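*Asks:* The file below is protein-v8.cif, mmCIF, C-alpha atoms:
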```cif
data_model
loop_
_atom_site.label_atom_id
_atom_site.label_comp_id
_atom_site.auth_asym_id
_atom_site.auth_seq_id
_atom_site.Cartn_x
_atom_site.Cartn_y
_atom_site.Cartn_z
CA MET A 258 100.09 129.61 -65.46
CA VAL A 259 99.51 127.51 -62.35
CA VAL A 260 97.76 124.19 -62.67
CA ILE A 261 95.58 123.44 -59.62
CA ASP A 262 95.13 119.82 -58.70
CA GLU A 263 91.42 119.29 -57.99
CA LYS A 264 92.19 116.58 -55.42
CA MET A 265 94.36 118.95 -53.40
CA ALA A 266 91.70 121.67 -53.53
CA LEU A 267 89.10 119.50 -51.80
CA PRO A 268 88.71 120.22 -48.03
CA VAL A 269 90.12 117.64 -45.65
CA PRO A 270 87.25 115.90 -43.77
CA PRO A 271 87.22 116.28 -39.96
CA PRO A 272 88.31 113.38 -37.76
CA PRO A 273 85.58 111.06 -36.45
CA TYR A 274 83.79 112.18 -33.29
CA ALA A 275 84.87 110.51 -30.05
CA SER A 276 81.31 109.53 -29.25
CA GLY A 277 81.12 107.43 -32.39
CA SER A 278 78.00 109.24 -33.53
CA SER A 279 77.61 109.90 -37.25
CA VAL A 280 75.31 112.85 -36.57
CA PRO A 281 77.11 116.22 -36.66
CA PRO A 282 76.75 118.66 -33.78
CA PRO A 283 74.61 119.76 -32.13
CA PHE A 284 74.16 116.19 -30.93
CA PRO A 285 70.62 115.10 -30.09
CA CYS A 286 70.55 114.73 -26.31
CA GLY A 287 66.87 115.12 -25.52
CA ARG A 288 65.47 117.80 -23.23
CA ARG A 289 68.12 119.46 -21.11
CA ARG A 290 67.49 119.59 -17.38
CA SER A 291 67.00 123.06 -16.02
CA THR A 292 69.47 124.12 -13.36
CA SER A 293 68.78 126.25 -10.31
CA ILE A 294 70.75 127.80 -7.50
CA SER A 295 69.81 124.98 -5.14
CA SER A 296 71.48 122.47 -7.46
CA LEU A 297 74.88 124.08 -6.90
CA PRO A 298 77.55 122.17 -4.95
CA PRO A 299 77.25 122.64 -1.16
CA ASN A 300 80.43 124.72 -0.88
CA LEU A 301 79.22 127.23 -3.50
CA LEU A 302 75.75 127.42 -1.96
CA LEU A 303 77.29 128.02 1.44
CA HIS A 304 79.50 130.76 0.01
CA ILE A 305 76.46 132.49 -1.51
CA ILE A 306 74.69 132.44 1.85
CA TYR A 307 77.72 133.96 3.57
CA MET A 308 77.70 136.73 0.96
CA THR A 309 74.16 137.72 2.05
CA PHE A 310 75.56 139.06 5.32
CA PRO A 311 76.10 142.84 5.32
CA GLN A 312 79.60 144.06 4.61
CA THR A 313 78.98 147.69 5.62
CA ALA A 314 76.70 149.57 7.99
CA GLY A 315 73.33 150.82 6.86
CA ILE A 316 71.98 154.35 7.10
CA ASP A 317 69.91 153.84 10.24
CA GLU A 318 71.37 150.63 11.65
CA SER A 319 74.68 149.18 12.76
CA PRO A 320 76.41 146.18 11.12
CA LEU A 321 75.38 144.05 14.10
CA GLU A 322 71.70 144.93 13.63
CA ARG A 323 71.89 144.12 9.91
CA GLN A 324 73.59 140.84 10.75
CA ARG A 325 70.79 139.89 13.15
CA LYS A 326 68.25 140.71 10.45
CA THR A 327 70.05 138.37 8.08
CA LEU A 328 70.11 135.61 10.69
CA TYR A 329 66.38 136.08 11.22
CA TRP A 330 65.81 135.87 7.45
CA LEU A 331 67.85 132.65 7.28
CA THR A 332 65.81 131.13 10.11
CA TYR A 333 62.28 132.07 9.11
CA HIS A 334 62.53 132.26 5.33
CA LEU A 335 65.53 130.96 3.38
CA ARG A 336 66.01 127.64 5.16
CA LEU A 337 62.38 126.73 4.40
CA VAL A 338 62.92 126.82 0.63
CA ASN A 339 64.18 123.24 0.22
CA ARG A 340 66.51 120.63 1.67
CA ALA A 341 69.69 122.12 0.17
CA PHE A 342 69.01 125.58 1.59
CA TYR A 343 67.98 124.08 4.93
CA ILE A 344 71.28 122.23 5.38
CA ALA A 345 73.36 125.24 4.32
CA CYS A 346 71.42 127.69 6.50
CA MET A 347 71.56 125.43 9.55
CA HIS A 348 75.33 125.14 9.15
CA VAL A 349 75.59 128.94 9.38
CA LEU A 350 73.00 129.32 12.16
CA ARG A 351 74.39 126.58 14.38
CA SER A 352 77.93 127.90 14.04
CA SER A 353 76.75 131.45 14.82
CA TYR A 354 74.67 130.63 17.91
CA LEU A 355 76.72 127.85 19.50
CA PRO A 356 78.63 130.23 21.88
CA ALA A 357 75.37 131.81 23.10
CA TYR A 358 73.78 128.38 23.57
CA SER A 359 76.79 126.96 25.42
CA SER A 360 76.92 129.94 27.78
CA LEU A 361 73.42 129.10 29.08
CA ILE A 362 74.10 125.45 29.95
CA ARG A 363 73.44 124.89 33.64
CA ALA A 364 76.33 123.45 35.66
CA PRO A 365 77.12 120.57 36.11
CA TYR A 366 75.30 119.62 32.89
CA THR A 367 77.25 119.02 29.70
CA SER A 368 76.28 119.63 26.10
CA ASP A 369 76.86 118.21 22.62
CA PRO A 370 74.19 119.75 20.37
CA PHE A 371 75.71 119.17 16.93
CA PRO A 372 74.25 116.27 14.95
CA MET A 373 76.12 113.02 14.48
CA SER A 374 78.00 112.31 11.25
CA SER A 375 75.08 110.09 10.21
CA SER A 376 72.53 112.80 10.85
CA THR A 377 69.40 110.92 9.84
CA SER A 378 68.03 107.80 11.47
CA SER A 379 64.97 106.26 9.84
CA THR A 380 64.26 108.76 7.06
CA ASP A 381 66.13 111.06 4.70
CA SER A 382 64.68 114.18 6.28
CA PRO A 383 67.26 116.61 7.69
CA LEU A 384 64.85 117.19 10.59
CA ASP A 385 65.00 113.56 11.72
CA VAL A 386 68.31 113.72 13.58
CA VAL A 387 69.52 111.01 15.94
CA GLN A 388 71.07 113.51 18.34
CA ARG A 389 68.19 114.59 20.58
CA GLU A 390 69.90 117.74 21.87
CA THR A 391 70.19 119.06 18.30
CA ARG A 392 66.43 119.65 18.29
CA VAL A 393 66.71 121.71 21.49
CA PHE A 394 69.57 123.70 19.98
CA ASP A 395 67.53 124.41 16.85
CA LEU A 396 64.58 125.52 18.99
CA PHE A 397 66.90 127.88 20.87
CA ILE A 398 68.06 129.37 17.55
CA THR A 399 64.46 129.95 16.49
CA LEU A 400 63.64 131.75 19.74
CA LYS A 401 66.89 133.70 19.92
CA THR A 402 66.75 135.08 16.37
CA ARG A 403 63.20 136.27 16.95
CA GLU A 404 64.05 137.93 20.28
CA ASP A 405 67.08 139.70 18.78
CA MET A 406 64.96 140.94 15.89
CA LEU A 407 62.30 142.34 18.25
CA MET A 408 64.89 144.05 20.44
CA ASP A 409 66.35 145.83 17.40
CA ALA A 410 62.91 146.80 16.14
CA CYS A 411 61.64 148.29 19.41
CA GLU A 412 63.61 149.80 22.27
CA LEU A 413 60.79 148.95 24.67
CA HIS A 414 61.06 145.22 24.02
CA LEU A 415 62.78 143.32 26.84
CA GLU A 416 64.18 139.84 26.34
CA ARG A 417 62.01 137.36 28.23
CA GLU A 418 64.29 135.11 30.23
CA GLU A 419 61.45 132.69 31.01
CA MET A 420 61.37 131.75 27.32
CA PHE A 421 64.73 130.04 27.74
CA LYS A 422 64.14 128.76 31.28
CA ASP A 423 62.31 125.58 30.26
CA LEU A 424 64.89 124.95 27.55
CA PHE A 425 67.84 124.86 29.93
CA ASP A 426 66.14 123.68 33.11
CA LEU A 427 64.36 120.72 31.55
CA MET A 428 64.62 120.17 27.79
CA GLN A 429 68.40 120.49 27.44
CA PRO A 430 69.39 118.16 30.33
CA ARG A 431 66.68 115.66 29.39
CA SER A 432 67.71 115.49 25.73
CA ARG A 433 71.38 115.38 26.67
CA LEU A 434 70.66 112.49 29.05
CA GLU A 435 68.87 110.63 26.26
CA ASP A 436 71.91 111.06 24.02
CA LEU A 437 74.17 109.76 26.79
CA VAL A 438 71.91 106.73 27.30
CA ARG A 439 72.18 106.06 23.58
CA HIS A 440 75.97 106.39 23.75
CA TYR A 441 76.52 104.18 26.81
CA GLY A 442 73.71 101.82 25.82
CA MET A 443 75.19 101.16 22.38
CA ARG A 444 78.59 100.61 23.95
CA GLU A 445 77.07 97.99 26.26
CA GLY A 446 75.00 96.43 23.48
CA ALA A 447 71.70 97.32 25.16
CA VAL A 448 70.57 100.04 22.72
CA HIS A 449 70.61 100.19 18.94
CA ILE A 450 69.60 102.75 16.33
CA THR A 451 66.69 101.66 14.17
CA PRO A 452 67.92 100.96 10.61
CA PRO A 453 66.49 103.07 7.75
CA ASN A 454 63.01 102.12 6.48
CA THR A 455 62.34 100.14 9.66
CA SER A 456 59.73 101.36 12.10
CA SER A 457 60.33 101.17 15.82
CA GLN A 458 57.18 99.10 16.30
CA SER A 459 58.30 96.37 13.88
CA SER A 460 61.74 96.48 15.42
CA MET A 461 60.27 95.99 18.90
CA ALA A 462 58.12 93.11 17.66
CA ALA A 463 61.11 91.37 16.14
CA THR A 464 63.26 92.03 19.19
CA TYR A 465 60.88 90.80 21.88
CA GLY A 466 58.72 88.37 19.90
CA ILE A 467 55.55 90.41 20.31
CA ASP A 468 52.63 88.74 18.58
CA SER A 469 49.55 90.50 17.23
CA SER A 470 47.55 90.04 20.45
CA SER A 471 50.27 91.47 22.64
CA ARG A 472 50.75 94.43 20.28
CA SER A 473 47.08 95.26 20.42
CA SER A 474 47.15 95.30 24.21
CA GLY A 475 50.39 97.28 24.34
CA ALA A 476 52.16 94.65 26.41
CA VAL A 477 55.85 93.93 25.96
CA SER A 478 56.63 90.22 26.05
CA ARG A 479 59.97 89.20 27.49
CA SER A 480 59.39 85.46 27.58
CA LYS A 481 62.81 84.74 26.12
CA ILE A 482 65.68 87.24 25.88
CA TYR A 483 68.58 86.13 23.72
CA GLY A 484 72.15 87.38 23.87
CA GLY A 485 72.67 90.54 21.86
CA THR A 486 69.06 91.72 22.27
CA SER A 487 68.79 95.48 22.54
CA VAL A 488 66.15 98.21 22.58
CA PRO A 489 65.70 100.65 19.65
CA PHE A 490 66.68 104.16 20.66
CA SER A 491 63.66 105.59 18.82
CA ALA A 492 61.39 103.86 21.36
CA LEU A 493 63.20 105.29 24.41
CA SER A 494 62.69 108.57 26.22
CA ILE A 495 63.58 110.07 29.59
CA SER A 496 61.39 111.24 32.45
CA PHE A 497 63.42 113.93 34.18
CA SER A 498 63.06 115.51 37.62
CA PRO A 499 65.52 117.05 40.09
CA ARG A 500 65.60 113.92 42.29
CA LYS A 501 64.83 111.06 39.91
CA VAL A 502 65.20 110.06 36.28
CA GLY A 503 63.44 107.26 34.47
CA LEU A 504 63.88 105.39 31.20
CA VAL A 505 60.55 105.11 29.37
CA LEU A 506 59.84 102.55 26.64
CA THR A 507 57.01 103.33 24.22
CA THR A 508 55.36 100.41 22.38
CA SER A 509 52.08 100.51 20.47
CA GLY A 510 51.37 103.98 21.81
CA ARG A 511 51.73 102.94 25.45
CA LYS A 512 54.54 104.00 27.78
CA GLN A 513 56.26 101.87 30.37
CA THR A 514 59.02 102.92 32.77
CA ILE A 515 61.62 100.16 32.57
CA ALA A 516 64.45 101.76 34.57
CA GLU A 517 64.74 104.37 37.31
CA ALA A 518 67.62 106.02 39.12
CA THR A 519 67.78 108.55 41.90
CA ARG A 520 69.76 111.74 41.51
CA VAL A 521 71.82 113.58 44.08
CA SER A 522 72.62 117.27 44.17
CA ASN A 523 75.02 118.42 41.43
CA GLU A 524 75.20 114.93 39.94
CA LYS A 525 76.53 114.84 36.39
CA LEU A 526 74.29 113.56 33.64
CA GLU A 527 76.93 111.01 32.68
CA VAL A 528 76.52 109.33 36.08
CA ALA A 529 72.73 109.18 35.76
CA ALA A 530 73.01 107.78 32.22
CA LYS A 531 75.28 104.95 33.39
CA LYS A 532 72.81 104.10 36.17
CA LEU A 533 69.94 103.90 33.68
CA VAL A 534 71.89 101.72 31.26
CA LYS A 535 72.78 99.38 34.12
CA GLN A 536 69.10 99.09 35.05
CA LEU A 537 68.21 98.58 31.39
CA LYS A 538 70.58 95.61 31.21
CA VAL A 539 68.86 94.16 34.27
CA TRP A 540 65.49 94.61 32.60
CA LEU A 541 66.82 92.83 29.52
CA GLY A 542 68.03 89.98 31.73
CA ARG A 543 71.67 90.51 30.83
CA ALA A 544 73.16 92.02 34.00
#
```
Can the structure from this file be put into structure tokens for me?
*Replies:*
Amino acid sequence: MVVIDEKMALPVPPPPYASGSSVPPPFPCGRRRSTSISSLPPNLLLHIIYMTFPQTAGIDESPLERQRKTLYWLTYHLRLVNRAFYIACMHVLRSSYLPAYSSLIRAPYTSDPFPMSSSTSSTDSPLDVVQRETRVFDLFITLKTREDMLMDACELHLEREEMFKDLFDLMQPRSRLEDLVRHYGMREGAVHITPPNTSSQSSMAATYGIDSSSRSSGAVSRSKIYGGTSVPFSALSISFSPRKVGLVLTTSGRKQTIAEATRVSNEKLEVAAKKLVKQLKVWLGRA
């Protein structure tokens, strides 16, 4: 006969929980947040988008035609879902269409369409990029994906070259020149990027001492220019023509040309940008 010790028969209690809570699981943690595909890490979301591209040919279409359909879908549908999908889709689209975009750059113009590392300037919107040429590049992608889709859908559709003419004859060199003015202007201390949550108008008022009366009339006061004074890039734009370029300052809805430079045949945009920055420094009184 075996005598069982009642103390030994009792179950051993579990160790205390690491959280220090005396309540057994499941622990009360309130309402759990619902997860979605857009909440995935960027690398996983990007991988999922890459997996949407066709791996094999279809019945009535080639792999290239199916790929162009997917690129069209990314441009006109998926990237409009939310910010996460927009960033991931634009990474794929910009990488895919960069060779085609670069091949259409007019000599002797140069190009740098990818956004800066700090892609946003005054807001958190992925559309508000500092790099002006990025907007032209994105517009090219929108037009190109649509044209490719129409060419695959109808054999009678011909690609309209005039659709891209204005992009590369005017918009691309003008935006590229604006980016170069920002680059050389910041290096010379004559241009700055408006900090987040600061409007260009308030920045101009603080920079040039514009009072309420001068703001209402649209006039820019330069009664006293101190060392280190610069112009916000958000208030600058370029007037572009084959023989002349101008630097335009916009304040209170009014535009004023503050620098001009003549262009010669086959002159590089870098040369014109340096001329404009030099004139800008003269306008600031810091030549």
*Asks:* Run the PyMOL selection byres ((chain A and resi 404-413) around 10) against the file shown and list the residues it catches, as a PDB file with C-alpha atoms, keeping the file's coordinate frame.
*Replies:*
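Contents of expr.pdb, freshly written:
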```
ATOM      1  CA  GLU A 318      71.370 150.630  11.650  1.00  0.00           C
ATOM      2  CA  LEU A 321      75.380 144.050  14.100  1.00  0.00           C
ATOM      3  CA  GLU A 322      71.700 144.930  13.630  1.00  0.00           C
ATOM      4  CA  ARG A 323      71.890 144.120   9.910  1.00  0.00           C
ATOM      5  CA  ARG A 325      70.790 139.890  13.150  1.00  0.00           C
ATOM      6  CA  LYS A 326      68.250 140.710  10.450  1.00  0.00           C
ATOM      7  CA  THR A 327      70.050 138.370   8.080  1.00  0.00           C
ATOM      8  CA  LEU A 328      70.110 135.610  10.690  1.00  0.00           C
ATOM      9  CA  TYR A 329      66.380 136.080  11.220  1.00  0.00           C
ATOM     10  CA  TRP A 330      65.810 135.870   7.450  1.00  0.00           C
ATOM     11  CA  ILE A 398      68.060 129.370  17.550  1.00  0.00           C
ATOM     12  CA  THR A 399      64.460 129.950  16.490  1.00  0.00           C
ATOM     13  CA  LEU A 400      63.640 131.750  19.740  1.00  0.00           C
ATOM     14  CA  LYS A 401      66.890 133.700  19.920  1.00  0.00           C
ATOM     15  CA  THR A 402      66.750 135.080  16.370  1.00  0.00           C
ATOM     16  CA  ARG A 403      63.200 136.270  16.950  1.00  0.00           C
ATOM     17  CA  HIS A 414      61.060 145.220  24.020  1.00  0.00           C
ATOM     18  CA  LEU A 415      62.780 143.320  26.840  1.00  0.00           C
ATOM     19  CA  GLU A 416      64.180 139.840  26.340  1.00  0.00           C
ATOM     20  CA  ARG A 417      62.010 137.360  28.230  1.00  0.00           C
ATOM     21  CA  MET A 420      61.370 131.750  27.320  1.00  0.00           C
TER      22      MET A 420
END
```
*Asks:* Find the residues around region 341-351 of chain A up to 8 Å (all atoms listed in the file counted), leave out those fewer than 3 positions away in its own chain, and share them as a ChimeraX atom specification.
*Replies:* /A:295-296,299,302-303,306-307,328,331-332,335-338,354-355,371,383,394-395,398
*Asks:* When the PyMOL selection byres ((chain A and resi 488-490) around 6) is applied to the structure above, which residues does it catch, written out as a PyMOL selection string?
*Replies:* chain A and resi 448-451+487+491-493
*Asks:* For CA of Pro370 (chain A) and CA of Gln388 (chain A), quote the distance in Å rounded to one decimal.
*Replies:*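 CA of Pro370 (chain A) sits 7.3 Å away from CA of Gln388 (chain A).
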*Asks:* I need the residue nearest Glu517 (chain A) from this list: A:Met428, A:Ala529, A:Leu504, A:Ile305. Use all atoms listed in the file for the distance.
*Replies:* A:Leu504
*Asks:* Supply region 347-358 of chain A as a PDB file, in the coordinates of the input, with all heavy atoms built in where the input has gaps.
*Replies:*
```pdb
ATOM      1  N   MET A 347      71.356 125.943   8.200  1.00  0.00           N
ATOM      2  CA  MET A 347      71.560 125.430   9.550  1.00  0.00           C
ATOM      3  C   MET A 347      73.043 125.351   9.887  1.00  0.00           C
ATOM      4  O   MET A 347      73.429 125.505  11.057  1.00  0.00           O
ATOM      5  CB  MET A 347      70.898 124.059   9.703  1.00  0.00           C
ATOM      6  CG  MET A 347      69.387 124.091   9.678  1.00  0.00           C
ATOM      7  SD  MET A 347      68.653 125.343  10.781  1.00  0.00           S
ATOM      8  CE  MET A 347      69.247 124.786  12.373  1.00  0.00           C
ATOM      9  N   HIS A 348      73.887 125.118   8.902  1.00  0.00           N
ATOM     10  CA  HIS A 348      75.330 125.140   9.150  1.00  0.00           C
ATOM     11  C   HIS A 348      75.755 126.522   9.644  1.00  0.00           C
ATOM     12  O   HIS A 348      76.510 126.646  10.624  1.00  0.00           O
ATOM     13  CB  HIS A 348      76.089 124.773   7.884  1.00  0.00           C
ATOM     14  CG  HIS A 348      77.575 124.876   8.011  1.00  0.00           C
ATOM     15  ND1 HIS A 348      78.347 123.860   8.540  1.00  0.00           N
ATOM     16  CD2 HIS A 348      78.434 125.884   7.697  1.00  0.00           C
ATOM     17  CE1 HIS A 348      79.615 124.241   8.551  1.00  0.00           C
ATOM     18  NE2 HIS A 348      79.695 125.461   8.041  1.00  0.00           N
ATOM     19  N   VAL A 349      75.242 127.566   8.990  1.00  0.00           N
ATOM     20  CA  VAL A 349      75.590 128.940   9.380  1.00  0.00           C
ATOM     21  C   VAL A 349      74.970 129.286  10.727  1.00  0.00           C
ATOM     22  O   VAL A 349      75.640 129.854  11.611  1.00  0.00           O
ATOM     23  CB  VAL A 349      75.121 129.927   8.300  1.00  0.00           C
ATOM     24  CG1 VAL A 349      75.379 131.373   8.732  1.00  0.00           C
ATOM     25  CG2 VAL A 349      75.823 129.640   6.978  1.00  0.00           C
ATOM     26  N   LEU A 350      73.700 128.947  10.927  1.00  0.00           N
ATOM     27  CA  LEU A 350      73.000 129.320  12.160  1.00  0.00           C
ATOM     28  C   LEU A 350      73.585 128.600  13.374  1.00  0.00           C
ATOM     29  O   LEU A 350      73.793 129.221  14.421  1.00  0.00           O
ATOM     30  CB  LEU A 350      71.516 128.996  12.021  1.00  0.00           C
ATOM     31  CG  LEU A 350      70.732 129.873  11.041  1.00  0.00           C
ATOM     32  CD1 LEU A 350      69.353 129.284  10.775  1.00  0.00           C
ATOM     33  CD2 LEU A 350      70.609 131.291  11.579  1.00  0.00           C
ATOM     34  N   ARG A 351      73.847 127.315  13.248  1.00  0.00           N
ATOM     35  CA  ARG A 351      74.390 126.580  14.380  1.00  0.00           C
ATOM     36  C   ARG A 351      75.783 127.066  14.751  1.00  0.00           C
ATOM     37  O   ARG A 351      76.131 127.143  15.941  1.00  0.00           O
ATOM     38  CB  ARG A 351      74.400 125.080  14.080  1.00  0.00           C
ATOM     39  CG  ARG A 351      73.017 124.448  14.080  1.00  0.00           C
ATOM     40  CD  ARG A 351      73.010 123.068  13.457  1.00  0.00           C
ATOM     41  NE  ARG A 351      71.677 122.463  13.488  1.00  0.00           N
ATOM     42  CZ  ARG A 351      71.331 121.392  12.792  1.00  0.00           C
ATOM     43  NH1 ARG A 351      72.209 120.814  11.978  1.00  0.00           N
ATOM     44  NH2 ARG A 351      70.108 120.903  12.877  1.00  0.00           N
ATOM     45  N   SER A 352      76.589 127.381  13.769  1.00  0.00           N
ATOM     46  CA  SER A 352      77.930 127.900  14.040  1.00  0.00           C
ATOM     47  C   SER A 352      77.851 129.282  14.699  1.00  0.00           C
ATOM     48  O   SER A 352      78.669 129.602  15.570  1.00  0.00           O
ATOM     49  CB  SER A 352      78.738 127.987  12.750  1.00  0.00           C
ATOM     50  OG  SER A 352      78.864 126.720  12.141  1.00  0.00           O
ATOM     51  N   SER A 353      76.869 130.081  14.301  1.00  0.00           N
ATOM     52  CA  SER A 353      76.750 131.450  14.820  1.00  0.00           C
ATOM     53  C   SER A 353      76.247 131.474  16.260  1.00  0.00           C
ATOM     54  O   SER A 353      76.692 132.305  17.066  1.00  0.00           O
ATOM     55  CB  SER A 353      75.819 132.280  13.934  1.00  0.00           C
ATOM     56  OG  SER A 353      76.295 132.331  12.603  1.00  0.00           O
ATOM     57  N   TYR A 354      75.324 130.563  16.597  1.00  0.00           N
ATOM     58  CA  TYR A 354      74.670 130.630  17.910  1.00  0.00           C
ATOM     59  C   TYR A 354      75.199 129.606  18.922  1.00  0.00           C
ATOM     60  O   TYR A 354      74.686 129.549  20.039  1.00  0.00           O
ATOM     61  CB  TYR A 354      73.160 130.459  17.743  1.00  0.00           C
ATOM     62  CG  TYR A 354      72.489 131.704  17.234  1.00  0.00           C
ATOM     63  CD1 TYR A 354      72.197 131.851  15.882  1.00  0.00           C
ATOM     64  CD2 TYR A 354      72.169 132.751  18.091  1.00  0.00           C
ATOM     65  CE1 TYR A 354      71.597 132.998  15.396  1.00  0.00           C
ATOM     66  CE2 TYR A 354      71.565 133.901  17.621  1.00  0.00           C
ATOM     67  CZ  TYR A 354      71.277 134.023  16.275  1.00  0.00           C
ATOM     68  OH  TYR A 354      70.684 135.169  15.799  1.00  0.00           O
ATOM     69  N   LEU A 355      76.189 128.827  18.549  1.00  0.00           N
ATOM     70  CA  LEU A 355      76.720 127.850  19.500  1.00  0.00           C
ATOM     71  C   LEU A 355      77.317 128.516  20.743  1.00  0.00           C
ATOM     72  O   LEU A 355      77.065 128.034  21.862  1.00  0.00           O
ATOM     73  CB  LEU A 355      77.769 126.973  18.815  1.00  0.00           C
ATOM     74  CG  LEU A 355      78.402 125.889  19.704  1.00  0.00           C
ATOM     75  CD1 LEU A 355      77.329 124.935  20.221  1.00  0.00           C
ATOM     76  CD2 LEU A 355      79.468 125.119  18.930  1.00  0.00           C
ATOM     77  N   PRO A 356      78.114 129.610  20.643  1.00  0.00           N
ATOM     78  CA  PRO A 356      78.630 130.230  21.880  1.00  0.00           C
ATOM     79  C   PRO A 356      77.522 130.715  22.807  1.00  0.00           C
ATOM     80  O   PRO A 356      77.614 130.535  24.032  1.00  0.00           O
ATOM     81  CB  PRO A 356      79.474 131.402  21.347  1.00  0.00           C
ATOM     82  CG  PRO A 356      79.865 130.997  19.966  1.00  0.00           C
ATOM     83  CD  PRO A 356      78.682 130.239  19.430  1.00  0.00           C
ATOM     84  N   ALA A 357      76.465 131.334  22.255  1.00  0.00           N
ATOM     85  CA  ALA A 357      75.370 131.810  23.100  1.00  0.00           C
ATOM     86  C   ALA A 357      74.638 130.650  23.760  1.00  0.00           C
ATOM     87  O   ALA A 357      74.246 130.724  24.930  1.00  0.00           O
ATOM     88  CB  ALA A 357      74.399 132.645  22.260  1.00  0.00           C
ATOM     89  N   TYR A 358      74.450 129.569  23.014  1.00  0.00           N
ATOM     90  CA  TYR A 358      73.780 128.380  23.570  1.00  0.00           C
ATOM     91  C   TYR A 358      74.621 127.760  24.681  1.00  0.00           C
ATOM     92  O   TYR A 358      74.109 127.420  25.755  1.00  0.00           O
ATOM     93  CB  TYR A 358      73.533 127.383  22.444  1.00  0.00           C
ATOM     94  CG  TYR A 358      72.912 126.083  22.878  1.00  0.00           C
ATOM     95  CD1 TYR A 358      71.533 125.955  23.041  1.00  0.00           C
ATOM     96  CD2 TYR A 358      73.706 124.956  23.117  1.00  0.00           C
ATOM     97  CE1 TYR A 358      70.961 124.755  23.429  1.00  0.00           C
ATOM     98  CE2 TYR A 358      73.139 123.753  23.500  1.00  0.00           C
ATOM     99  CZ  TYR A 358      71.766 123.660  23.658  1.00  0.00           C
ATOM    100  OH  TYR A 358      71.216 122.461  24.049  1.00  0.00           O
TER     101      TYR A 358
END
```
